[in-house]
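Novice: Sharing input14.cif below, mmCIF, C-alpha atoms:
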```
data_data
#
loop_
_atom_site.label_atom_id
_atom_site.label_comp_id
_atom_site.auth_asym_id
_atom_site.auth_seq_id
_atom_site.Cartn_x
_atom_site.Cartn_y
_atom_site.Cartn_z
CA MET A 1 110.67 67.13 133.37
CA TRP A 2 110.50 66.40 137.11
CA VAL A 3 113.24 64.93 139.26
CA GLU A 4 113.38 64.16 142.97
CA VAL A 5 116.57 64.74 144.95
CA GLY A 6 117.14 63.72 148.56
CA PRO A 7 118.03 66.58 150.92
CA ASP A 8 121.48 65.12 151.61
CA ARG A 9 122.31 65.34 147.87
CA PHE A 10 120.49 68.56 147.04
CA ALA A 11 123.41 71.03 147.46
CA ARG A 12 125.64 68.85 145.23
CA TRP A 13 122.84 68.60 142.67
CA CYS A 14 122.60 72.41 142.55
CA ASP A 15 126.37 72.68 142.03
CA GLY A 16 126.13 70.17 139.17
CA PHE A 17 123.22 72.05 137.60
CA ALA A 18 125.25 75.28 137.59
CA GLN A 19 128.31 73.56 136.14
CA ARG A 20 126.32 71.95 133.31
CA HIS A 21 124.70 75.23 132.29
CA ASP A 22 127.53 77.80 132.31
CA GLY A 23 126.88 78.94 135.87
CA LEU A 24 123.92 80.77 137.40
CA ALA A 25 122.62 84.00 135.91
CA HIS A 26 121.91 85.35 139.40
CA GLU A 27 121.48 84.21 142.99
CA PRO A 28 118.71 81.66 143.69
CA SER A 29 115.35 83.28 144.43
CA LEU A 30 112.26 82.28 146.39
CA VAL A 31 109.29 82.13 144.01
CA THR A 32 105.74 80.89 143.66
CA ASP A 33 105.70 78.29 140.88
CA GLU A 34 102.48 79.22 139.11
CA ALA A 35 103.20 76.67 136.37
CA SER A 36 102.81 73.87 138.93
CA GLY A 37 99.86 75.06 140.94
CA GLY A 38 101.43 77.85 142.96
CA GLY A 39 103.82 75.91 145.21
CA GLU A 40 106.63 77.71 147.02
CA ALA A 41 110.01 77.00 145.42
CA VAL A 42 113.63 78.06 145.20
CA GLU A 43 114.42 78.85 141.58
CA LEU A 44 117.83 78.42 139.98
CA ALA A 45 118.22 80.31 136.70
CA ALA A 46 121.26 79.30 134.64
CA ALA A 47 123.26 81.51 132.28
CA ASP A 48 122.15 79.45 129.25
CA GLY A 49 118.44 79.91 130.05
CA SER A 50 117.86 76.59 131.85
CA THR A 51 115.88 76.68 135.07
CA ALA A 52 115.47 74.40 138.07
CA THR A 53 112.40 75.20 140.18
CA CYS A 54 112.98 73.39 143.48
CA HIS A 55 109.77 72.91 145.42
CA VAL A 56 109.87 73.31 149.18
CA PRO A 57 108.74 70.14 151.00
CA PHE A 58 106.44 70.90 153.92
CA PRO A 59 106.04 74.59 153.00
CA PRO A 60 106.54 77.32 153.89
CA LEU A 61 110.33 77.46 153.91
CA SER A 62 111.68 77.97 157.39
CA PRO A 63 112.70 81.61 157.97
CA ALA A 64 116.29 82.76 157.85
CA PRO A 65 118.05 82.53 161.23
CA ARG A 66 117.37 85.46 163.53
CA LEU A 67 120.42 87.64 164.26
CA ASP A 68 120.99 88.72 167.86
CA PHE A 69 123.51 91.37 168.86
CA ASP A 70 125.86 90.30 171.64
CA PRO A 71 127.13 93.44 173.42
CA ALA A 72 129.81 91.47 175.25
CA THR A 73 131.59 90.55 172.04
CA ASP A 74 130.21 93.33 169.80
CA THR A 75 129.12 90.71 167.24
CA ALA A 76 125.91 89.37 165.75
CA THR A 77 125.02 85.76 166.43
CA GLY A 78 122.51 83.59 164.60
CA THR A 79 119.93 81.11 165.77
CA GLY A 80 120.01 78.27 163.21
CA THR A 81 116.85 76.80 161.69
CA GLY A 82 118.35 73.35 161.20
CA PRO A 83 121.52 71.52 160.12
CA ASP A 84 124.09 73.82 158.50
CA ALA A 85 121.71 76.82 158.58
CA GLY A 86 123.92 79.55 159.99
CA PRO A 87 123.23 83.29 160.04
CA ASP A 88 124.61 83.70 156.50
CA ALA A 89 122.74 80.72 155.08
CA SER A 90 121.87 80.92 151.38
CA LEU A 91 118.46 79.87 150.08
CA ILE A 92 119.98 76.52 149.09
CA ASP A 93 121.39 75.99 152.59
CA ARG A 94 118.04 76.97 154.10
CA LEU A 95 116.17 74.54 151.85
CA VAL A 96 118.56 71.72 152.78
CA ALA A 97 118.15 72.47 156.50
CA HIS A 98 114.38 72.72 156.08
CA ALA A 99 114.14 69.36 154.27
CA LEU A 100 116.39 67.62 156.81
CA ALA A 101 114.45 68.86 159.84
CA ASP A 102 112.80 66.14 161.92
CA ARG A 103 109.03 66.02 161.50
CA THR A 104 106.21 63.76 162.58
CA VAL A 105 104.59 62.47 159.39
CA GLY A 106 101.72 60.05 158.93
CA VAL A 107 101.59 57.82 155.84
CA LEU A 108 98.38 56.20 154.58
CA LEU A 109 98.63 53.92 151.53
CA VAL A 110 95.47 52.12 150.42
CA ARG A 111 94.42 49.91 147.53
CA ARG A 112 91.76 47.23 147.12
CA GLY A 113 94.33 44.57 147.94
CA GLY A 114 95.61 46.05 151.18
CA PHE A 115 96.91 49.01 153.12
CA ALA A 116 99.99 50.34 154.90
CA VAL A 117 99.74 52.89 157.69
CA GLY A 118 102.73 54.38 159.46
CA ILE A 119 104.00 57.25 161.56
CA PHE A 120 107.51 58.60 161.07
CA GLU A 121 109.31 60.56 163.76
CA GLY A 122 112.15 62.09 161.79
CA THR A 123 113.48 59.18 159.73
CA ARG A 124 112.40 56.53 162.25
CA LEU A 125 109.27 54.50 161.57
CA ALA A 126 107.73 54.76 165.04
CA GLU A 127 104.50 52.81 164.40
CA SER A 128 103.12 50.88 161.47
CA LYS A 129 100.52 48.35 160.42
CA ILE A 130 100.31 46.46 157.13
CA GLY A 131 97.16 44.66 156.01
CA ALA A 132 96.44 42.49 152.98
CA ARG A 133 92.93 41.75 151.74
CA HIS A 134 91.74 39.33 149.08
CA VAL A 135 89.71 40.92 146.30
CA GLN A 136 88.15 38.70 143.64
CA GLY A 137 89.83 38.96 140.25
CA ARG A 138 87.91 40.10 137.19
CA THR A 139 85.98 37.55 135.17
CA LYS A 140 85.40 37.34 131.44
CA ALA A 141 82.01 35.75 131.95
CA GLY A 142 79.04 37.80 130.91
CA GLY A 143 75.48 38.26 132.06
CA TRP A 144 74.45 37.17 135.53
CA SER A 145 77.88 35.70 136.40
CA GLN A 146 79.62 38.94 135.59
CA GLN A 147 77.18 40.89 137.77
CA ARG A 148 77.65 38.43 140.62
CA PHE A 149 81.43 38.74 140.46
CA ALA A 150 81.14 42.54 140.29
CA ARG A 151 78.99 42.60 143.42
CA ARG A 152 81.43 40.31 145.19
CA ARG A 153 84.38 42.51 144.23
CA GLU A 154 82.55 45.61 145.46
CA GLY A 155 81.80 43.95 148.78
CA GLN A 156 85.40 42.82 149.20
CA ALA A 157 86.65 46.31 148.34
CA ARG A 158 84.36 47.85 150.97
CA GLU A 159 85.74 45.43 153.55
CA ALA A 160 89.31 46.30 152.54
CA TYR A 161 88.66 50.04 152.80
CA ALA A 162 86.91 49.60 156.16
CA ALA A 163 89.94 47.71 157.51
CA ALA A 164 92.23 50.50 156.28
CA ALA A 165 90.01 53.16 157.87
CA ASP A 166 89.93 51.27 161.18
CA THR A 167 93.73 51.06 161.22
CA ALA A 168 94.13 54.73 160.31
CA ALA A 169 91.74 55.66 163.11
CA ARG A 170 93.64 53.51 165.61
CA LEU A 171 97.18 54.64 164.66
CA LEU A 172 96.87 58.12 163.19
CA LEU A 173 93.96 59.75 165.00
CA PRO A 174 95.61 59.75 168.45
CA ARG A 175 98.57 61.59 166.88
CA ALA A 176 96.56 63.91 164.62
CA ALA A 177 97.43 67.04 166.60
CA ASP A 178 101.14 66.15 166.50
CA LEU A 179 101.36 65.38 162.78
CA ASP A 180 103.25 67.88 160.68
CA ALA A 181 101.84 66.25 157.54
CA LEU A 182 99.87 63.32 156.17
CA VAL A 183 101.14 61.59 153.04
CA VAL A 184 98.60 59.48 151.16
CA GLY A 185 98.84 57.15 148.22
CA GLY A 186 97.92 53.84 146.63
CA ASP A 187 94.73 54.25 144.62
CA ALA A 188 92.85 57.55 144.33
CA GLY A 189 89.49 55.77 144.45
CA ALA A 190 90.45 54.00 147.66
CA ILE A 191 91.52 57.26 149.31
CA SER A 192 88.26 58.87 148.18
CA ALA A 193 86.36 56.04 149.87
CA LEU A 194 88.22 56.69 153.13
CA ARG A 195 87.36 60.39 152.97
CA THR A 196 83.73 59.46 153.63
CA ASP A 197 84.66 58.04 157.05
CA VAL A 198 83.78 60.80 159.52
CA ARG A 199 86.30 59.47 162.06
CA LEU A 200 89.19 60.45 159.80
CA LYS A 201 88.06 64.06 159.26
CA PRO A 202 90.78 65.53 161.56
CA LEU A 203 93.49 63.98 159.38
CA TRP A 204 92.73 65.51 155.98
CA PRO A 205 93.81 69.12 156.78
CA LYS A 206 97.32 67.70 157.28
CA GLU A 207 97.40 66.07 153.83
CA THR A 208 100.22 67.04 151.45
CA THR A 209 99.74 67.55 147.72
CA SER A 210 102.12 64.71 146.77
CA PHE A 211 100.42 61.36 146.04
CA VAL A 212 102.43 58.14 146.38
CA ASN A 213 101.79 55.69 143.54
CA VAL A 214 102.28 52.09 144.69
CA GLY A 215 100.85 48.65 144.03
CA ASP A 216 99.29 46.70 146.89
CA PRO A 217 101.13 48.37 149.79
CA LYS A 218 103.93 46.51 151.55
CA ALA A 219 106.23 47.44 154.43
CA ALA A 220 108.92 48.50 151.95
CA ASP A 221 106.50 51.03 150.45
CA LEU A 222 106.38 52.92 153.74
CA LEU A 223 110.15 53.34 153.65
CA LYS A 224 110.00 54.44 150.01
CA ALA A 225 107.33 56.96 150.97
CA ARG A 226 109.71 58.38 153.58
CA GLU A 227 112.36 59.01 150.94
CA GLY A 228 109.74 60.60 148.72
CA PHE A 229 108.26 63.02 151.23
CA ARG A 230 111.72 64.19 152.36
CA ALA A 231 112.93 64.73 148.78
CA VAL A 232 113.02 68.06 146.98
CA ARG A 233 110.90 67.87 143.81
CA ILE A 234 112.47 69.85 140.98
CA ARG A 235 110.80 71.06 137.78
CA LEU A 236 113.71 71.06 135.35
CA VAL A 237 113.72 72.98 132.06
CA GLU A 238 117.02 72.56 130.21
CA GLN A 239 118.12 74.40 127.11
CA SER A 240 119.78 72.13 124.54
#
```
Transcribe the structure of this file into structure tokens.
Specialist:
Amino acid sequence: MWVEVGPDRFARWCDGFAQRHDGLAHEPSLVTDEASGGGEAVELAAADGSTATCHVPFPPLSPAPRLDFDPATDTATGTGTGPDAGPDASLIDRLVAHALADRTVGVLLVRRGGFAVGIFEGTRLAESKIGARHVQGRTKAGGWSQQRFARRREGQAREAYAAAADTAARLLLPRAADLDALVVGGDAGAISALRTDVRLKPLWPKETTSFVNVGDPKAADLLKAREGFRAVRIRLVEQS
């Protein structure tokens, strides 16, 4: 099964996992999770055989802090990689610091009925635009009427996708070089339609593998997407 844990709760979740499964068999290790497409992950292996494979958001995992020798004090000092990531940081501490780090992330959610486009700077929604479009509902009529409604729906969908592409071009393209990632979601067919827009070509190399499933996008869905892209996704295999 898969679970998502926010970075502020991740260390406590790991402690709870160890407690529930008779402790850890060994120290957490950095692995490539071949079972889930080869993503980089921190693996917890419990004494009872349970495992928690914790995928790194925005891979690769930030490196361990660099140690510098200070001749004045005859000690080694560390340069942290983020919150709570000192020179002796464990893999769990490093993953927490990595997930909490401020990033510039674009979000593009599109369905036939509307779109939501936003740019997050850290946890702050710096820019956003929400659009709703009317798309004709399905009809049970057959023959010519059904074909007419189908053509109308297709035309309305094209207009909706064009409006979403225009907004993405206006908000996201000027920041394309600054984006650490692009999170997409809504409807896979709608996103596929936007991929044909040559203006948006610079955005797709920033796309993450996570897809946000939402209904017709609303402002609240952007905030939910923020919690999702900052979370640590965990593939959990528990022994009964």
Novice: For the structure shown, which residues end up in the PyMOL selection byres ((chain A and resi 114) around 10)? Put them as a list of chain:residue names, please?
Specialist: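 Answer for the PyMOL selection byres ((chain A and resi 114) around 10): A:Leu109, A:Val110, A:Arg111, A:Arg112, A:Gly113, A:Phe115, A:Ala116, A:Ile130, A:Gly131, A:Ala132, A:Arg133, A:His134, A:Val135, A:Ala157, A:Ala160, A:Tyr161, A:Ala163, A:Ala164, A:Gly186, A:Gly215, A:Asp216, A:Pro217, A:Lys218.
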Novice: Would you mind reading off the distance between atom CA of A:Trp204 and atom CA of A:Ala168, one decimal, in Å?
Specialist: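 Pair atom CA of A:Trp204 / atom CA of A:Ala168 returns 11.7 Å.
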Novice: Could you tell me which residues the PyMOL selection byres ((chain A and resi 26) around 9) grabs in this file, written as a list in words?
Specialist: Gly23, Leu24, Ala25, Glu27, Pro28, Ser29, Leu44, Ala45, Ala46 and Ala47 of chain A
Novice: Have a look at A:Asp33, A:Asp166, A:Asp93, A:Glu154 and name the one nearest to A:Thr51; count all atoms listed in the file.
Specialist: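 Of all the options, A:Asp33 lies closest to A:Thr51.
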Novice: Restricting the calculation to all atoms listed in the file: of A:Val184, A:Ala193, A:Ala165, A:Val212, which residue gets closest to A:Leu108?
Specialist: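 When distances to A:Leu108 are compared using all atoms listed in the file, the smallest one comes from A:Val184.
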Novice: Which one is closest to A:Phe120: A:Asp102, A:Asp48, A:Asp221, A:Glu40? Count all atoms listed in the file.
Specialist: A:Asp102
Novice: With all atoms listed in the file as the basis for distance, which of A:Cys54, A:Ala190, A:Cys14, A:Leu236 is at the shortest distance from A:Thr32?
Specialist: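 Checking each of A:Cys54, A:Ala190, A:Cys14, A:Leu236 against A:Thr32, counting all atoms listed in the file, the winner is A:Cys54.
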Novice: Tell me, in Å to one decimal, how far atom CA of A:Gly122 is from atom CA of A:Arg103.
Specialist: 5.0 Å
Novice: From the options A:Ala177, A:Val42, A:Val214, A:Ala220, which residue's atoms come nearest to A:Val56, counting all atoms listed in the file?
Specialist: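 Using all atoms listed in the file, the shortest distance to A:Val56 belongs to A:Val42.
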